[in-house]
>>> print(open('my_file.txt').read())   # compact mmCIF, C-alpha atoms and all ligand atoms
# COMPACT_ATOMS: atom_id res chain seq x y z
CA MET L 1 107.59 -10.48 178.61
CA SER L 2 108.55 -9.07 175.27
CA GLU L 3 111.13 -10.98 173.28
CA PHE L 4 112.65 -7.63 172.37
CA ALA L 5 114.79 -5.51 174.63
CA LEU L 6 113.89 -2.50 172.58
CA GLU L 7 111.15 -1.62 170.11
CA VAL L 8 111.23 1.78 168.49
CA GLU L 9 108.43 2.99 166.19
CA ASN L 10 108.57 6.23 164.20
CA LEU L 11 110.43 7.96 166.98
CA VAL L 12 110.92 11.70 166.56
CA LYS L 13 112.60 14.31 168.74
CA VAL L 14 112.29 17.94 167.79
CA TYR L 15 114.02 20.64 169.81
CA ALA L 16 112.14 23.87 169.43
CA SER L 17 113.28 27.13 170.87
CA ARG L 18 111.74 30.52 170.34
CA GLY L 19 113.13 32.49 167.44
CA LYS L 20 115.16 29.56 166.11
CA ALA L 21 114.43 26.95 163.51
CA PRO L 22 113.38 23.69 165.20
CA ILE L 23 115.93 20.87 165.12
CA ARG L 24 114.76 17.38 164.20
CA ALA L 25 117.43 15.56 166.18
CA VAL L 26 115.71 12.20 165.74
CA ASP L 27 113.69 12.10 162.58
CA GLY L 28 111.47 9.05 162.39
CA MET L 29 113.42 5.98 163.51
CA SER L 30 111.98 2.47 163.71
CA PHE L 31 113.95 -0.57 164.78
CA ARG L 32 113.98 -3.48 167.19
CA VAL L 33 116.72 -4.99 169.25
CA PRO L 34 116.53 -8.59 170.49
CA ARG L 35 117.60 -9.42 174.00
CA GLY L 36 121.05 -10.53 175.02
CA ILE L 37 123.18 -8.64 172.52
CA ILE L 38 125.38 -5.57 172.32
CA PHE L 39 123.72 -3.15 169.98
CA GLY L 40 125.71 -0.20 168.67
CA LEU L 41 124.38 3.13 167.50
CA LEU L 42 127.04 4.57 165.30
CA GLY L 43 127.08 8.06 163.87
CA PRO L 44 129.01 11.30 163.56
CA ASN L 45 128.68 14.29 165.92
CA GLY L 46 125.16 15.61 166.00
CA ALA L 47 123.66 12.48 164.41
CA GLY L 48 121.10 12.19 167.18
CA LYS L 49 122.63 9.33 169.21
CA SER L 50 122.37 11.00 172.59
CA SER L 51 118.91 12.37 171.86
CA LEU L 52 117.75 8.87 171.01
CA LEU L 53 119.29 7.41 174.14
CA ARG L 54 117.81 10.11 176.34
CA MET L 55 114.34 9.24 175.09
CA LEU L 56 114.92 5.52 175.55
CA SER L 57 116.07 6.03 179.10
CA THR L 58 113.05 8.26 179.94
CA LEU L 59 115.11 11.41 180.39
CA THR L 60 113.30 13.29 177.66
CA ARG L 61 109.93 12.79 176.03
CA PRO L 62 109.65 11.85 172.40
CA THR L 63 107.95 14.45 170.20
CA GLU L 64 106.28 11.64 168.26
CA GLY L 65 106.34 7.88 168.08
CA THR L 66 106.85 5.19 170.69
CA ALA L 67 109.66 3.28 172.32
CA LYS L 68 109.34 0.20 174.47
CA ILE L 69 111.88 -1.34 176.78
CA LEU L 70 111.15 -5.01 177.42
CA GLY L 71 107.60 -4.29 176.36
CA TYR L 72 107.11 -1.22 178.58
CA GLU L 73 106.41 2.06 176.87
CA VAL L 74 108.79 4.81 177.96
CA VAL L 75 106.13 7.53 178.11
CA LYS L 76 103.32 5.50 179.63
CA LYS L 77 105.32 3.29 181.99
CA PRO L 78 108.42 5.26 182.94
CA ILE L 79 108.68 3.69 186.39
CA GLU L 80 108.58 0.17 184.98
CA VAL L 81 111.21 1.19 182.45
CA ARG L 82 113.48 2.78 185.04
CA LYS L 83 113.44 -0.37 187.15
CA ARG L 84 114.88 -2.29 184.24
CA ILE L 85 117.55 0.02 182.92
CA SER L 86 120.73 1.68 184.00
CA SER L 87 122.47 4.24 181.90
CA VAL L 88 125.60 6.20 181.41
CA ILE L 89 124.65 9.23 179.39
CA GLN L 90 127.07 11.76 178.00
CA ALA L 91 126.47 14.23 180.80
CA THR L 92 125.90 11.58 183.42
CA ALA L 93 125.12 12.73 186.87
CA VAL L 94 127.55 11.63 189.45
CA GLU L 95 127.09 12.99 192.90
CA LEU L 96 129.91 15.47 192.88
CA PHE L 97 129.94 15.95 196.62
CA LEU L 98 130.12 12.27 197.45
CA SER L 99 133.25 10.18 197.45
CA VAL L 100 133.89 7.56 194.79
CA LYS L 101 132.85 4.75 197.10
CA ASP L 102 129.72 6.52 198.32
CA ASN L 103 128.69 7.15 194.74
CA LEU L 104 128.72 3.44 194.06
CA LEU L 105 126.96 2.53 197.31
CA THR L 106 124.30 5.21 197.02
CA TYR L 107 123.48 4.19 193.48
CA ALA L 108 123.14 0.55 194.47
CA ARG L 109 120.98 1.35 197.49
CA PHE L 110 118.84 3.61 195.36
CA GLN L 111 118.31 0.69 193.00
CA GLY L 112 117.28 -1.47 195.92
CA LEU L 113 120.38 -3.60 196.34
CA ASN L 114 121.05 -5.12 199.74
CA LYS L 115 123.78 -3.46 201.78
CA ALA L 116 126.18 -6.37 202.08
CA VAL L 117 125.97 -7.20 198.39
CA ALA L 118 126.45 -3.54 197.50
CA ALA L 119 129.58 -3.30 199.65
CA ARG L 120 131.05 -6.42 198.08
CA ARG L 121 130.38 -5.26 194.56
CA ALA L 122 131.71 -1.79 195.23
CA ASP L 123 135.01 -3.26 196.43
CA ALA L 124 135.27 -5.49 193.38
CA LEU L 125 134.52 -2.63 190.99
CA ILE L 126 136.91 -0.25 192.69
CA GLU L 127 139.58 -2.81 192.01
CA GLU L 128 138.46 -3.51 188.46
CA PHE L 129 138.23 0.13 187.50
CA GLN L 130 141.49 0.92 189.28
CA LEU L 131 139.84 3.49 191.49
CA GLY L 132 141.69 2.43 194.64
CA SER L 133 143.80 5.56 194.84
CA GLU L 134 140.76 7.80 194.53
CA VAL L 135 138.24 5.91 196.59
CA ASP L 136 137.74 8.44 199.36
CA ARG L 137 138.02 11.56 197.23
CA LYS L 138 135.00 13.58 196.25
CA VAL L 139 134.12 13.06 192.62
CA GLN L 140 134.25 16.80 191.97
CA ASP L 141 138.00 16.72 192.62
CA LEU L 142 138.74 13.91 190.15
CA SER L 143 140.13 14.22 186.65
CA GLY L 144 137.75 13.74 183.73
CA GLY L 145 138.96 10.21 183.02
CA PHE L 146 138.49 9.11 186.63
CA ARG L 147 135.06 10.67 186.77
CA ARG L 148 134.11 8.67 183.73
CA ARG L 149 135.30 5.50 185.46
CA VAL L 150 132.98 6.20 188.36
CA GLN L 151 130.07 6.80 186.00
CA VAL L 152 130.65 3.57 184.16
CA ALA L 153 131.46 1.51 187.27
CA LYS L 154 128.13 2.54 188.76
CA VAL L 155 126.07 0.69 186.21
CA PHE L 156 127.84 -2.56 187.09
CA MET L 157 126.64 -2.27 190.66
CA VAL L 158 123.17 -3.40 189.69
CA ASP L 159 121.61 -6.15 187.58
CA THR L 160 119.12 -4.26 185.45
CA PRO L 161 118.45 -6.26 182.28
CA VAL L 162 119.09 -3.34 179.93
CA LEU L 163 122.12 -1.05 179.92
CA PHE L 164 122.48 2.20 177.99
CA LEU L 165 125.97 3.55 177.44
CA ASP L 166 126.54 6.83 175.65
CA GLU L 167 130.17 6.90 174.52
CA PHE L 168 131.34 4.98 177.56
CA SER L 169 135.00 5.00 176.57
CA THR L 170 135.47 8.76 176.42
CA GLY L 171 138.55 9.69 178.39
CA MET L 172 139.52 6.13 179.26
CA ASP L 173 143.00 4.93 178.61
CA PRO L 174 143.34 1.95 176.25
CA ILE L 175 144.01 -0.60 178.97
CA LEU L 176 140.99 0.33 181.02
CA LYS L 177 138.90 0.55 177.90
CA ARG L 178 139.87 -3.01 177.05
CA GLN L 179 138.91 -4.19 180.52
CA VAL L 180 135.56 -2.45 180.36
CA MET L 181 134.90 -4.01 176.98
CA ASN L 182 135.57 -7.42 178.49
CA LEU L 183 133.22 -6.62 181.35
CA LEU L 184 130.51 -5.61 178.92
CA ARG L 185 130.93 -8.86 177.03
CA ALA L 186 130.66 -10.82 180.25
CA GLU L 187 127.46 -9.00 181.17
CA VAL L 188 125.91 -9.88 177.84
CA GLU L 189 126.89 -13.53 178.30
CA LYS L 190 124.85 -13.39 181.50
CA GLY L 191 121.85 -12.26 179.47
CA ARG L 192 121.85 -8.49 179.73
CA THR L 193 121.24 -6.30 176.70
CA ILE L 194 123.54 -3.37 176.07
CA ILE L 195 122.69 -0.45 173.83
CA LEU L 196 125.69 1.77 173.27
CA THR L 197 126.63 4.72 171.13
CA THR L 198 130.01 5.38 169.67
CA GLN L 199 131.72 7.17 166.86
CA ILE L 200 134.72 4.89 167.08
CA LEU L 201 134.40 2.29 164.38
CA SER L 202 136.96 -0.10 165.75
CA GLU L 203 135.12 -0.11 169.05
CA ALA L 204 131.83 -0.93 167.37
CA GLU L 205 133.50 -3.52 165.24
CA GLU L 206 135.03 -5.29 168.17
CA LEU L 207 132.17 -5.05 170.59
CA CYS L 208 128.81 -4.99 168.86
CA ASP L 209 126.76 -7.91 167.60
CA ASP L 210 124.57 -5.64 165.56
CA ILE L 211 124.80 -1.99 164.65
CA LEU L 212 122.70 0.82 163.32
CA ILE L 213 124.39 3.67 161.53
CA ILE L 214 122.55 6.92 162.02
CA ASN L 215 123.01 10.29 160.46
CA ARG L 216 121.04 13.51 160.83
CA GLY L 217 118.40 11.80 162.89
CA LYS L 218 117.78 9.04 160.37
CA GLN L 219 118.84 5.44 159.95
CA SER L 220 121.42 4.89 157.21
CA ALA L 221 122.20 1.22 157.53
CA ARG L 222 121.56 -1.64 159.85
CA GLY L 223 123.16 -4.98 160.19
CA GLU L 224 125.83 -7.18 161.43
CA LEU L 225 129.18 -5.68 160.78
CA ASN L 226 130.05 -8.40 158.36
CA ALA L 227 127.00 -7.56 156.33
CA LEU L 228 127.85 -3.89 156.44
CA LYS L 229 131.34 -4.64 155.32
CA GLN L 230 129.87 -6.19 152.23
CA LEU L 231 128.66 -2.72 151.41
CA SER L 232 132.25 -1.69 150.99
CA ARG L 233 132.69 -4.03 148.09
CA GLY L 234 133.27 -1.88 145.09
CA VAL L 235 134.88 0.87 147.16
CA TYR L 236 138.61 1.33 146.64
CA ASP L 237 141.34 3.39 148.22
CA ILE L 238 143.91 4.49 145.66
CA THR L 239 147.20 6.12 146.55
CA LEU L 240 149.52 7.65 143.96
CA ALA L 241 152.84 9.32 144.77
CA PHE L 242 154.22 11.53 141.98
CA ASP L 243 157.70 12.94 141.67
CA ARG L 244 155.95 16.28 141.11
CA LEU L 245 152.28 16.96 141.71
CA PRO L 246 150.58 17.47 138.31
CA ASP L 247 148.93 20.91 137.94
CA THR L 248 145.61 19.55 136.70
CA ILE L 249 145.30 16.68 139.16
CA GLN L 250 142.60 18.28 141.33
CA ALA L 251 140.32 18.79 138.34
CA GLU L 252 140.96 15.28 137.04
CA ILE L 253 140.06 13.78 140.38
CA ALA L 254 136.99 15.94 140.81
CA GLU L 255 135.70 14.39 137.56
CA LEU L 256 135.83 11.00 139.22
CA THR L 257 133.54 12.17 142.07
CA PRO L 258 135.53 10.49 144.82
CA ILE L 259 134.06 9.72 148.24
CA ARG L 260 137.20 11.09 149.80
CA PHE L 261 140.21 12.85 148.44
CA THR L 262 143.37 14.19 150.06
CA VAL L 263 146.64 15.64 148.79
CA GLU L 264 149.72 15.58 150.93
CA GLY L 265 152.94 16.80 149.39
CA ASN L 266 153.20 14.93 146.11
CA THR L 267 150.91 12.12 147.18
CA ILE L 268 147.22 11.87 146.44
CA GLU L 269 144.80 9.52 148.14
CA LEU L 270 141.32 8.98 146.88
CA THR L 271 138.44 6.68 147.69
CA LEU L 272 136.23 5.72 144.79
CA LYS L 273 133.15 3.63 144.35
CA ILE L 274 133.62 2.02 140.98
CA GLU L 275 133.58 -1.31 139.27
CA GLU L 276 136.65 -3.37 139.88
CA SER L 277 137.37 -3.57 136.17
CA ARG L 278 137.71 0.21 136.03
CA VAL L 279 140.18 0.62 138.87
CA MET L 280 143.23 0.05 136.72
CA ASP L 281 141.88 2.35 133.99
CA VAL L 282 141.62 5.13 136.51
CA VAL L 283 145.10 4.47 137.85
CA SER L 284 146.62 4.44 134.39
CA ALA L 285 144.74 7.57 133.30
CA LEU L 286 146.05 9.43 136.32
CA SER L 287 149.59 8.18 135.75
CA ARG L 288 149.79 8.70 131.98
CA ASN L 289 152.90 10.64 130.90
CA ARG L 290 153.75 11.25 134.54
CA HIS L 291 156.43 9.95 136.77
CA VAL L 292 154.74 7.90 139.47
CA LEU L 293 156.85 6.77 142.40
CA ARG L 294 154.30 4.59 144.10
CA VAL L 295 150.86 3.14 143.39
CA GLU L 296 148.69 1.42 145.94
CA VAL L 297 145.15 0.08 145.58
CA ARG L 298 143.24 -1.33 148.50
CA GLY L 299 139.69 -2.47 149.16
CA ALA L 300 137.99 0.07 151.36
CA SER L 301 137.60 -0.21 155.09
CA LEU L 302 134.58 0.08 157.28
CA GLU L 303 135.61 3.65 157.81
CA ASP L 304 135.04 4.37 154.16
CA ILE L 305 131.52 2.97 154.30
CA PHE L 306 130.86 5.10 157.31
CA VAL L 307 132.01 8.18 155.44
CA GLU L 308 130.01 7.16 152.41
CA LEU L 309 126.87 6.61 154.46
CA THR L 310 127.15 9.73 156.51
CA THR L 311 128.32 12.27 153.96
CA ARG L 312 126.26 11.45 150.94
CA GLU L 313 122.63 12.00 151.59
CA GLY L 314 120.12 9.85 149.87
CA LYS L 315 122.68 8.01 147.78
CA GLU L 316 122.07 4.29 147.78
CA LEU L 317 124.98 1.94 148.01
CA ALA L 318 124.81 -0.66 145.33
N1 LIG Z 401 118.74 20.07 174.43
C1 LIG Z 401 118.89 20.40 173.15
N2 LIG Z 401 118.32 21.53 172.64
C2 LIG Z 401 118.45 21.86 171.35
N3 LIG Z 401 119.11 21.12 170.45
C3 LIG Z 401 119.70 20.00 170.87
C4 LIG Z 401 119.62 19.58 172.25
N4 LIG Z 401 120.30 18.41 172.37
C5 LIG Z 401 120.78 18.12 171.13
N5 LIG Z 401 120.42 19.07 170.24
C6 LIG Z 401 120.71 19.06 168.79
O1 LIG Z 401 120.20 17.86 168.25
C7 LIG Z 401 121.10 17.32 167.29
C8 LIG Z 401 121.52 15.91 167.72
O2 LIG Z 401 122.29 16.01 168.90
P1 LIG Z 401 122.77 14.74 169.73
O3 LIG Z 401 123.43 15.23 170.96
O4 LIG Z 401 121.63 13.82 169.90
O5 LIG Z 401 123.82 14.09 168.72
P2 LIG Z 401 124.94 12.96 168.98
O6 LIG Z 401 124.81 11.99 167.87
O7 LIG Z 401 124.82 12.44 170.36
O8 LIG Z 401 126.30 13.78 168.81
P3 LIG Z 401 127.72 13.57 169.55
O9 LIG Z 401 128.44 12.50 168.79
O10 LIG Z 401 128.38 14.90 169.35
O11 LIG Z 401 127.48 13.24 170.97
C9 LIG Z 401 122.24 18.30 167.18
O12 LIG Z 401 121.97 19.15 166.09
C10 LIG Z 401 122.18 19.06 168.48
O13 LIG Z 401 122.68 20.35 168.33
MG MG Z 402 126.07 12.35 171.91
>>> encode(input="my_file.txt", output="structure tokens", more="lines below")
Ligand SMILES: Nc1ncnc2c1ncn2[C@@H]1O[C@H](COP(=O)(O)OP(=O)(O)OP(=O)(O)O)[C@@H](O)[C@H]1O
Ligand SMILES: [Mg+2]
Amino acid sequence: MSEFALEVENLVKVYASRGKAPIRAVDGMSFRVPRGIIFGLLGPNGAGKSSLLRMLSTLTRPTEGTAKILGYEVVKKPIEVRKRISSVIQATAVELFLSVKDNLLTYARFQGLNKAVAARRADALIEEFQLGSEVDRKVQDLSGGFRRRVQVAKVFMVDTPVLFLDEFSTGMDPILKRQVMNLLRAEVEKGRTIILTTQILSEAEELCDDILIINRGKQSARGELNALKQLSRGVYDITLAFDRLPDTIQAEIAELTPIRFTVEGNTIELTLKIEESRVMDVVSALSRNRHVLRVEVRGASLEDIFVELTTREGKELA
């Protein structure tokens, strides 16, 4: 068996519709994911995360390129792939006309799980996902958050080696989200591989062993979060509060080509990528002959790198 859970080579997905310009949702991605880790695909809305996941889970065909799950090619061996994966996609099907419990049981039976084991697991998951009050209700009558719980609980019914989760935490309250994160960790300890998408940095930071930042269908950066954080060296958040906002401040800041810039009342906040030795020059230039009430300089956060990587096309981070 392949040592990789996932091998992606030059994968492309183009959506073409008559009379409209084609959309290259996934535009030539190549990467590998070893087994037994949580791998995060991180990117803003429309980056191509769901399109990528839909190809990997055999729901749509790649336009070009190949993807293998545990060595099995998604286009050539879809049945082999499907036996080894379970997925929660953004528009995941739940059987709307079945009750919560029957959704879990049907899914497990469909995946070939024995009846007694399925019943035991369903009971445990109903407890874990706090679905007890809803257990006999049809899924179509549930709130969005509860529906999501059913979708996510389902994939824990079975033991497929690879799990795909597209924004699993959408609509979950923080306590449940925490519990699900713990469950995911426990599954990985048992040897499963989890590929998830998110746009929530803190979630990726806490959960993922390795991440890939994608934007407009392309890879921007790959690595352990610690390594990615290194990218933020040389990026600074500067806050200045004036007694009165200087008239020319916008123009002065534009000259500095900040990554981010906001004005709120008399306070400006900007994120700059500059040499450390220049930070104080910038602060003093902006404060010269002005009454400054507060100055704050901080090293940038992961969020700043994310913004940097996803808003500036083609610009290399030093
Ligand atoms: N079935 C489709 N037909 C046409 N275009 C599509 C289709 N699905 C997605 N797209 C387009 O492909 C691009 C990538 O969409 P995708 O849903 O993969 O992004 P995403 O990263 O999952 O975004 P989000 O964070 O909003 O879920 C977008 O421009 C989107 O409009
Ligand atoms: Mg999506």
>>> closest_atom_pairs(input="my_file.txt", of="chain L", to="ligand MG 402 (chain Z)", cutoff="10 Å", atoms="only C-alpha atoms and all ligand atoms", output="tab-separated table")
residue	atom	partner	partner_atom	distance
L:Gly43	CA	Z:MG402	MG	9.2
L:Pro44	CA	Z:MG402	MG	8.9
L:Asn45	CA	Z:MG402	MG	6.8
L:Gly46	CA	Z:MG402	MG	6.8
L:Ala47	CA	Z:MG402	MG	7.9
L:Gly48	CA	Z:MG402	MG	6.9
L:Lys49	CA	Z:MG402	MG	5.3
L:Ser50	CA	Z:MG402	MG	4.0
L:Ser51	CA	Z:MG402	MG	7.2
L:Leu52	CA	Z:MG402	MG	9.1
L:Leu53	CA	Z:MG402	MG	8.7
L:Arg54	CA	Z:MG402	MG	9.6
L:Ile89	CA	Z:MG402	MG	8.2
L:Gln90	CA	Z:MG402	MG	6.2
L:Ala91	CA	Z:MG402	MG	9.1
L:Asp166	CA	Z:MG402	MG	6.7
L:Glu167	CA	Z:MG402	MG	7.3
L:Thr197	CA	Z:MG402	MG	7.7
L:Thr198	CA	Z:MG402	MG	8.3
L:Gln199	CA	Z:MG402	MG	9.2
>>> atom_distance(input="my_file.txt", atom1="atom CA of L:Ile37", atom2="atom CA of L:Val188")
6.1 Å
>>> residues_around(input="my_file.txt", residues="stretch 9-24 of chain L", least_positions_apart="4", cutoff="7 Å", atoms="only C-alpha atoms", output="ChimeraX atom specification")
/L:28-31,62-67,217
>>> residues_around(input="my_file.txt", residues="stretch 172-181 of chain L", least_positions_apart="3", cutoff="6 Å", atoms="only C-alpha atoms", output="count of residues only")
3
>>> residues_around(input="my_file.txt", residues="L:Thr160", least_positions_apart="3", cutoff="10 Å", atoms="all atoms listed in the file", output="PyMOL selection string")
chain L and resi 82-87+111+155-157+163+192-193
>>> closest_residue(input="my_file.txt", among="L:Glu275, L:Asp237, L:Asp27, L:Asp247", to="ligand LIG 401 (chain Z)", atoms="all atoms listed in the file")
L:Asp27
>>> closest_residue(input="my_file.txt", among="L:Ile200, L:Ile69, L:Ile195, L:Leu270", to="ligand LIG 401 (chain Z)", atoms="all atoms listed in the file")
L:Ile200
>>> residues_around(input="my_file.txt", residues="L:Leu207", least_positions_apart="6", cutoff="9 Å", atoms="all atoms listed in the file", output="PDB file with C-alpha atoms, keeping the file's coordinate frame")
ATOM      1  CA  ILE L  38     125.380  -5.570 172.320  1.00  0.00           C
ATOM      2  CA  PHE L  39     123.720  -3.150 169.980  1.00  0.00           C
ATOM      3  CA  GLY L  40     125.710  -0.200 168.670  1.00  0.00           C
ATOM      4  CA  MET L 181     134.900  -4.010 176.980  1.00  0.00           C
ATOM      5  CA  ASN L 182     135.570  -7.420 178.490  1.00  0.00           C
ATOM      6  CA  LEU L 184     130.510  -5.610 178.920  1.00  0.00           C
ATOM      7  CA  ARG L 185     130.930  -8.860 177.030  1.00  0.00           C
TER       8      ARG L 185
END
>>> residues_around(input="my_file.txt", residues="stretch 243-245 of chain L", least_positions_apart="3", cutoff="9 Å", atoms="all atoms listed in the file", output="list of chain:residue names")
L:Thr248, L:Ile249, L:Gly265, L:Asn266, L:Thr267, L:Ile268, L:Arg290, L:His291, L:Val292, L:Leu293
